[in-house]
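> Just one file: model18.cif, with mmCIF, C-alpha atoms and all ligand atoms.
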data_start
loop_
_atom_site.label_atom_id
_atom_site.label_comp_id
_atom_site.auth_asym_id
_atom_site.auth_seq_id
_atom_site.Cartn_x
_atom_site.Cartn_y
_atom_site.Cartn_z
CA MET F 1 -6.64 4.03 16.13
CA ILE F 2 -5.66 0.55 17.30
CA ARG F 3 -7.07 -2.40 15.39
CA ILE F 4 -7.44 -5.88 16.86
CA SER F 5 -6.94 -8.78 14.44
CA PRO F 6 -7.14 -12.07 16.38
CA SER F 7 -5.69 -15.11 14.65
CA ILE F 8 -7.99 -17.96 13.70
CA LEU F 9 -5.10 -20.28 14.61
CA SER F 10 -6.57 -20.01 18.11
CA ALA F 11 -10.03 -20.98 16.87
CA ASP F 12 -11.75 -24.34 16.92
CA PHE F 13 -11.29 -25.42 13.28
CA ALA F 14 -14.46 -27.50 13.46
CA ASN F 15 -16.41 -24.36 14.44
CA LEU F 16 -14.82 -21.53 12.46
CA GLN F 17 -18.10 -19.75 11.72
CA ARG F 18 -19.07 -19.80 15.40
CA ASP F 19 -15.65 -18.48 16.42
CA LEU F 20 -15.71 -15.72 13.76
CA ASP F 21 -19.11 -14.66 15.13
CA ARG F 22 -17.58 -14.56 18.60
CA LEU F 23 -14.75 -12.35 17.31
CA SER F 24 -17.28 -9.94 15.79
CA ALA F 25 -19.36 -9.88 18.97
CA ALA F 26 -16.23 -9.23 21.04
CA GLY F 27 -15.34 -6.19 18.93
CA ALA F 28 -12.49 -7.52 16.77
CA ASP F 29 -11.73 -5.28 13.77
CA TRP F 30 -10.35 -7.99 11.47
CA ALA F 31 -9.72 -11.73 11.50
CA HIS F 32 -6.07 -12.70 11.05
CA VAL F 33 -5.62 -15.82 8.94
CA ASP F 34 -2.28 -17.64 9.21
CA VAL F 35 -1.53 -19.60 6.05
CA MET F 36 1.42 -22.02 6.32
CA ASP F 37 2.74 -24.32 3.61
CA GLY F 38 4.91 -26.82 5.52
CA HIS F 39 7.92 -25.48 3.58
CA PHE F 40 8.48 -21.82 4.50
CA VAL F 41 7.56 -22.89 8.04
CA PRO F 42 7.44 -26.43 9.45
CA ASN F 43 3.66 -26.54 9.78
CA LEU F 44 0.59 -26.75 7.55
CA THR F 45 -2.59 -24.82 8.20
CA ILE F 46 -5.18 -23.77 5.65
CA GLY F 47 -5.40 -22.50 2.08
CA ALA F 48 -7.52 -20.29 -0.14
CA PRO F 49 -10.66 -22.53 -0.10
CA VAL F 50 -10.99 -22.11 3.66
CA VAL F 51 -10.39 -18.34 3.37
CA LYS F 52 -13.20 -18.25 0.79
CA ALA F 53 -15.50 -20.11 3.18
CA LEU F 54 -14.63 -17.66 5.98
CA SER F 55 -15.41 -14.65 3.79
CA ARG F 56 -18.82 -16.13 2.97
CA VAL F 57 -19.88 -16.41 6.61
CA SER F 58 -18.34 -13.29 8.17
CA GLU F 59 -18.31 -9.55 7.57
CA LEU F 60 -14.91 -9.24 9.28
CA PRO F 61 -12.15 -8.10 6.90
CA LEU F 62 -9.73 -11.00 6.42
CA ASP F 63 -6.10 -10.18 7.21
CA VAL F 64 -4.31 -13.00 5.42
CA HIS F 65 -0.71 -13.71 6.45
CA LEU F 66 1.07 -15.93 3.93
CA MET F 67 3.91 -17.90 5.53
CA ILE F 68 4.59 -19.68 2.27
CA SER F 69 7.67 -20.01 0.05
CA ASP F 70 6.23 -18.81 -3.26
CA PRO F 71 3.36 -16.40 -2.53
CA TYR F 72 3.41 -14.88 -6.05
CA ARG F 73 1.78 -18.06 -7.45
CA TYR F 74 -1.16 -17.86 -5.06
CA ILE F 75 -2.02 -14.14 -4.88
CA GLU F 76 -4.97 -14.37 -7.24
CA ASP F 77 -6.40 -17.34 -5.31
CA PHE F 78 -6.40 -15.37 -2.05
CA VAL F 79 -7.79 -12.25 -3.74
CA LEU F 80 -10.66 -14.28 -5.20
CA ALA F 81 -11.14 -15.91 -1.79
CA GLY F 82 -11.98 -12.47 -0.39
CA ALA F 83 -8.83 -11.33 1.45
CA SER F 84 -8.77 -7.63 2.41
CA PHE F 85 -5.09 -7.66 3.32
CA ILE F 86 -2.46 -10.04 1.98
CA THR F 87 0.87 -10.06 3.80
CA ILE F 88 3.91 -11.87 2.42
CA HIS F 89 7.36 -12.44 3.91
CA ALA F 90 10.52 -10.56 2.93
CA GLU F 91 12.31 -13.93 3.31
CA CYS F 92 10.15 -15.74 0.71
CA ASP F 93 11.46 -17.09 -2.62
CA SER F 94 9.16 -14.95 -4.82
CA ASP F 95 10.18 -11.56 -6.22
CA VAL F 96 9.00 -9.47 -3.24
CA LEU F 97 8.36 -6.21 -5.10
CA ALA F 98 6.53 -7.94 -7.97
CA THR F 99 4.37 -9.83 -5.48
CA LEU F 100 3.45 -6.67 -3.54
CA GLU F 101 2.59 -4.94 -6.83
CA LYS F 102 0.46 -7.91 -7.88
CA ILE F 103 -1.51 -7.75 -4.62
CA ARG F 104 -2.15 -4.03 -5.07
CA SER F 105 -3.10 -4.48 -8.74
CA PHE F 106 -6.27 -6.22 -7.49
CA GLY F 107 -7.13 -3.35 -5.16
CA VAL F 108 -6.15 -5.42 -2.11
CA LYS F 109 -3.91 -3.99 0.62
CA ALA F 110 -0.36 -5.36 0.58
CA GLY F 111 1.60 -6.23 3.70
CA LEU F 112 5.21 -7.25 4.24
CA SER F 113 6.44 -9.26 7.22
CA ILE F 114 9.83 -10.11 8.68
CA LYS F 115 10.79 -12.94 11.01
CA PRO F 116 12.48 -12.16 14.36
CA GLY F 117 15.98 -12.79 12.95
CA THR F 118 15.65 -10.51 9.90
CA PRO F 119 16.99 -6.93 10.29
CA VAL F 120 14.36 -4.17 10.15
CA ASP F 121 16.50 -2.54 7.44
CA ALA F 122 15.36 -5.32 5.08
CA LEU F 123 12.06 -3.39 4.86
CA CYS F 124 13.62 -0.17 3.56
CA ASP F 125 13.55 -1.12 -0.13
CA TYR F 126 9.82 -1.88 0.00
CA ILE F 127 8.40 0.79 2.29
CA ASP F 128 6.69 2.66 -0.58
CA ALA F 129 5.14 -0.54 -1.92
CA VAL F 130 3.30 -1.59 1.24
CA ASP F 131 0.12 -0.68 3.13
CA MET F 132 1.18 -2.59 6.23
CA ILE F 133 4.31 -3.98 7.86
CA LEU F 134 4.00 -7.03 10.10
CA ILE F 135 6.68 -7.62 12.72
CA MET F 136 6.76 -11.26 13.87
CA SER F 137 7.22 -11.32 17.63
CA VAL F 138 7.62 -15.11 17.69
CA GLU F 139 9.26 -17.51 15.21
CA PRO F 140 6.53 -18.13 12.62
CA GLY F 141 5.07 -21.61 12.44
CA PHE F 142 2.96 -22.28 15.52
CA GLY F 143 0.35 -20.49 17.61
CA GLY F 144 0.52 -20.02 21.35
CA GLN F 145 4.18 -18.94 21.65
CA LYS F 146 5.67 -16.39 24.06
CA PHE F 147 6.33 -12.80 22.88
CA ILE F 148 10.05 -12.17 22.19
CA PRO F 149 10.94 -9.05 24.29
CA GLU F 150 13.40 -7.68 21.69
CA SER F 151 10.40 -7.23 19.37
CA LEU F 152 9.55 -3.97 21.18
CA GLU F 153 12.75 -2.33 19.96
CA ARG F 154 12.13 -3.67 16.45
CA LEU F 155 8.64 -2.15 16.53
CA SER F 156 10.01 1.26 17.56
CA HIS F 157 12.62 1.10 14.80
CA THR F 158 9.97 0.15 12.23
CA ARG F 159 7.63 2.89 13.49
CA ALA F 160 10.39 5.46 12.88
CA LEU F 161 10.89 4.10 9.34
CA ILE F 162 7.14 4.31 8.64
CA ASP F 163 6.79 7.83 10.07
CA THR F 164 9.66 9.03 7.89
CA SER F 165 8.89 7.22 4.65
CA ASN F 166 5.23 6.14 4.45
CA PRO F 167 3.07 7.51 7.31
CA ALA F 168 -0.13 5.89 5.98
CA CYS F 169 1.39 2.43 6.42
CA LEU F 170 0.01 0.32 9.29
CA LEU F 171 2.27 -1.53 11.74
CA GLU F 172 1.06 -4.96 12.81
CA VAL F 173 2.57 -7.24 15.45
CA ASP F 174 2.02 -10.99 15.39
CA GLY F 175 2.76 -13.54 18.12
CA GLY F 176 2.40 -13.73 21.89
CA VAL F 177 0.25 -10.58 22.16
CA SER F 178 -1.97 -10.54 25.26
CA PRO F 179 -3.78 -8.03 27.49
CA ARG F 180 -0.66 -8.11 29.68
CA ASN F 181 1.77 -6.77 27.09
CA ALA F 182 -0.61 -4.90 24.74
CA ARG F 183 0.10 -1.50 26.29
CA GLU F 184 3.88 -1.62 25.85
CA ILE F 185 3.42 -2.98 22.31
CA VAL F 186 1.19 -0.03 21.40
CA GLU F 187 3.63 2.38 23.06
CA ALA F 188 6.38 0.89 20.87
CA GLY F 189 4.35 1.95 17.81
CA ALA F 190 2.16 -0.96 16.73
CA ASP F 191 -1.36 -0.11 15.55
CA VAL F 192 -2.61 -3.57 14.60
CA LEU F 193 -2.47 -6.30 17.26
ZN ZN F 201 0.15 -14.23 11.38
#
Please, can you express the file's structure as structure tokens?
Ligand code: ZN


Amino acid sequence: MIRISPSILSADFANLQRDLDRLSAAGADWAHVDVMDGHFVPNLTIGAPVVKALSRVSELPLDVHLMISDPYRYIEDFVLAGASFITIHAECDSDVLATLEKIRSFGVKAGLSIKPGTPVDALCDYIDAVDMILIMSVEPGFGGQKFIPESLERLSHTRALIDTSNPACLLEVDGGVSPRNAREIVEAGADVL
């Protein structure tokens, strides 16, 4: 089953409720929420208070992607805000395993992401501790970028790792996904777009 999780980075921030309703009406499975801290990536977006507001006005599960340097400090805030998934980066400054365990301790699904320059092998140590892996197919930081073609091979490699070590784990792709390239992305093994 393929799940569609459109990013609210592409929404009108003055009309988030309207745009979430449009996502629901269009058949989206989740809403992807890109949280950036201006430190892990050179851009600022939104924090837990906005996620909380989104969860109040929409039934869509919130797929929260933390592009922040020290996610461990903020896990409880995003849990209380109503996140269904919380994904952190393998390149962050927090203790990755402890942060994934903290997410799961609240009954929330834990995800782990890598940037385009990080080897897929960096995921191996954490594969049992995650419910989802997120492969960045653009450099994180800004919406509207073009899909990096080498991401397809990285998806296939990650799919093989998941099938061998943790078959229940989902594989999400993030960045430059469109109706034009969705088929080849799914064929490479992604199940959340
Ligand atoms: Zn994202």

> Would you mind listing the residues within 7 Å of ligand ZN 201 (chain F), counting only C-alpha atoms and all ligand atoms, as a PyMOL selection string?

chain F and resi 7+32-34+65+174

> Can you tell me, as a PDB file with C-alpha atoms, keeping the file's coordinate frame, what residues are no more than 12 Å from Ser58 (chain F) when counting all atoms listed in the file, ignoring any on the same chain fewer than 4 positions away?


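Saved result, part-v7.pdb, follows:
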ATOM      1  CA  LEU F  16     -14.820 -21.530  12.460  1.00  0.00           C
ATOM      2  CA  GLN F  17     -18.100 -19.750  11.720  1.00  0.00           C
ATOM      3  CA  ARG F  18     -19.070 -19.800  15.400  1.00  0.00           C
ATOM      4  CA  ASP F  19     -15.650 -18.480  16.420  1.00  0.00           C
ATOM      5  CA  LEU F  20     -15.710 -15.720  13.760  1.00  0.00           C
ATOM      6  CA  ASP F  21     -19.110 -14.660  15.130  1.00  0.00           C
ATOM      7  CA  ARG F  22     -17.580 -14.560  18.600  1.00  0.00           C
ATOM      8  CA  LEU F  23     -14.750 -12.350  17.310  1.00  0.00           C
ATOM      9  CA  SER F  24     -17.280  -9.940  15.790  1.00  0.00           C
ATOM     10  CA  ALA F  25     -19.360  -9.880  18.970  1.00  0.00           C
ATOM     11  CA  ALA F  28     -12.490  -7.520  16.770  1.00  0.00           C
ATOM     12  CA  ASP F  29     -11.730  -5.280  13.770  1.00  0.00           C
ATOM     13  CA  TRP F  30     -10.350  -7.990  11.470  1.00  0.00           C
ATOM     14  CA  ALA F  31      -9.720 -11.730  11.500  1.00  0.00           C
ATOM     15  CA  VAL F  51     -10.390 -18.340   3.370  1.00  0.00           C
ATOM     16  CA  LYS F  52     -13.200 -18.250   0.790  1.00  0.00           C
ATOM     17  CA  ALA F  53     -15.500 -20.110   3.180  1.00  0.00           C
ATOM     18  CA  LEU F  54     -14.630 -17.660   5.980  1.00  0.00           C
ATOM     19  CA  LEU F  62      -9.730 -11.000   6.420  1.00  0.00           C
ATOM     20  CA  GLY F  82     -11.980 -12.470  -0.390  1.00  0.00           C
ATOM     21  CA  ALA F  83      -8.830 -11.330   1.450  1.00  0.00           C
TER      22      ALA F  83
END

> Which polymer residues, protein or nucleic acid, are no farther than 12 Å from (10.0, -3.4, -1.5), counting all atoms listed in the file, as a list in words?

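Checked against the point, the hits come out as Ile88, His89, Ala90, Glu91, Asp95, Val96, Leu97, Ala98, Thr99, Leu100, Glu101, Ala110, Gly111, Leu112, Ser113, Asp121, Ala122, Leu123, Cys124, Asp125, Tyr126, Ile127, Asp128, Ala129, Val130, Asp131, Met132 and Ile133 of chain F.
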
> Enter the distance from CA of Arg56 (chain F) to CA of Met136 (chain F), in Å, rounded to one decimal.

28.2 Å

> Mind listing whatever residues come within 9 Å of the point (1.5, -9.3, 18.3)? Use only C-alpha atoms, file coordinates, and give them as a count of residues only.

18

> Determine the nearest neighbour of Phe142 (chain F) from the options F:Leu44, F:His39, F:Arg3, F:Tyr74, counting all atoms listed in the file.

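The answer is F:Leu44, which sits nearest to Phe142 (chain F).
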
> Separation of CA of Arg180 (chain F) and CA of Leu9 (chain F), in Å?

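The value is 19.9 Å.
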
> What gap, in Å, lies between CA of Val79 (chain F) and CA of Ile103 (chain F)?

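Distance between the two atoms: 7.8 Å.
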
> Taking only C-alpha atoms into account, name the residue in F:Ser84, F:Lys146, F:Glu184, F:Leu155 that is nearest to Glu59 (chain F).

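Of F:Ser84, F:Lys146, F:Glu184, F:Leu155, the one nearest Glu59 (chain F), counting only C-alpha atoms, is F:Ser84.
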
> Mind working out the centre and edge lengths of an axis-aligned box for region 67-75 of chain F, all listed atoms inside, 8 Å added to each side, rounded to one decimal in Å and written as lines of an AutoDock Vina configuration file?


center_x = 2.8
center_y = -17.1
center_z = -1.0
size_x = 25.7
size_y = 21.9
size_z = 29.0

> If you count all atoms listed in the file, which residues fall within 9 Å of Ile75 (chain F), apart from same-chain ones fewer than 2 positions away, as a PyMOL selection string?

chain F and resi 71-73+77-80+86+99+102-103

> Considering all atoms listed in the file, can you say which of F:Gln145, F:Asn43, F:Ser151, F:Ser94 comes closest to Gly117 (chain F)?

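Among the listed residues, the smallest separation from Gly117 (chain F) belongs to F:Ser151.
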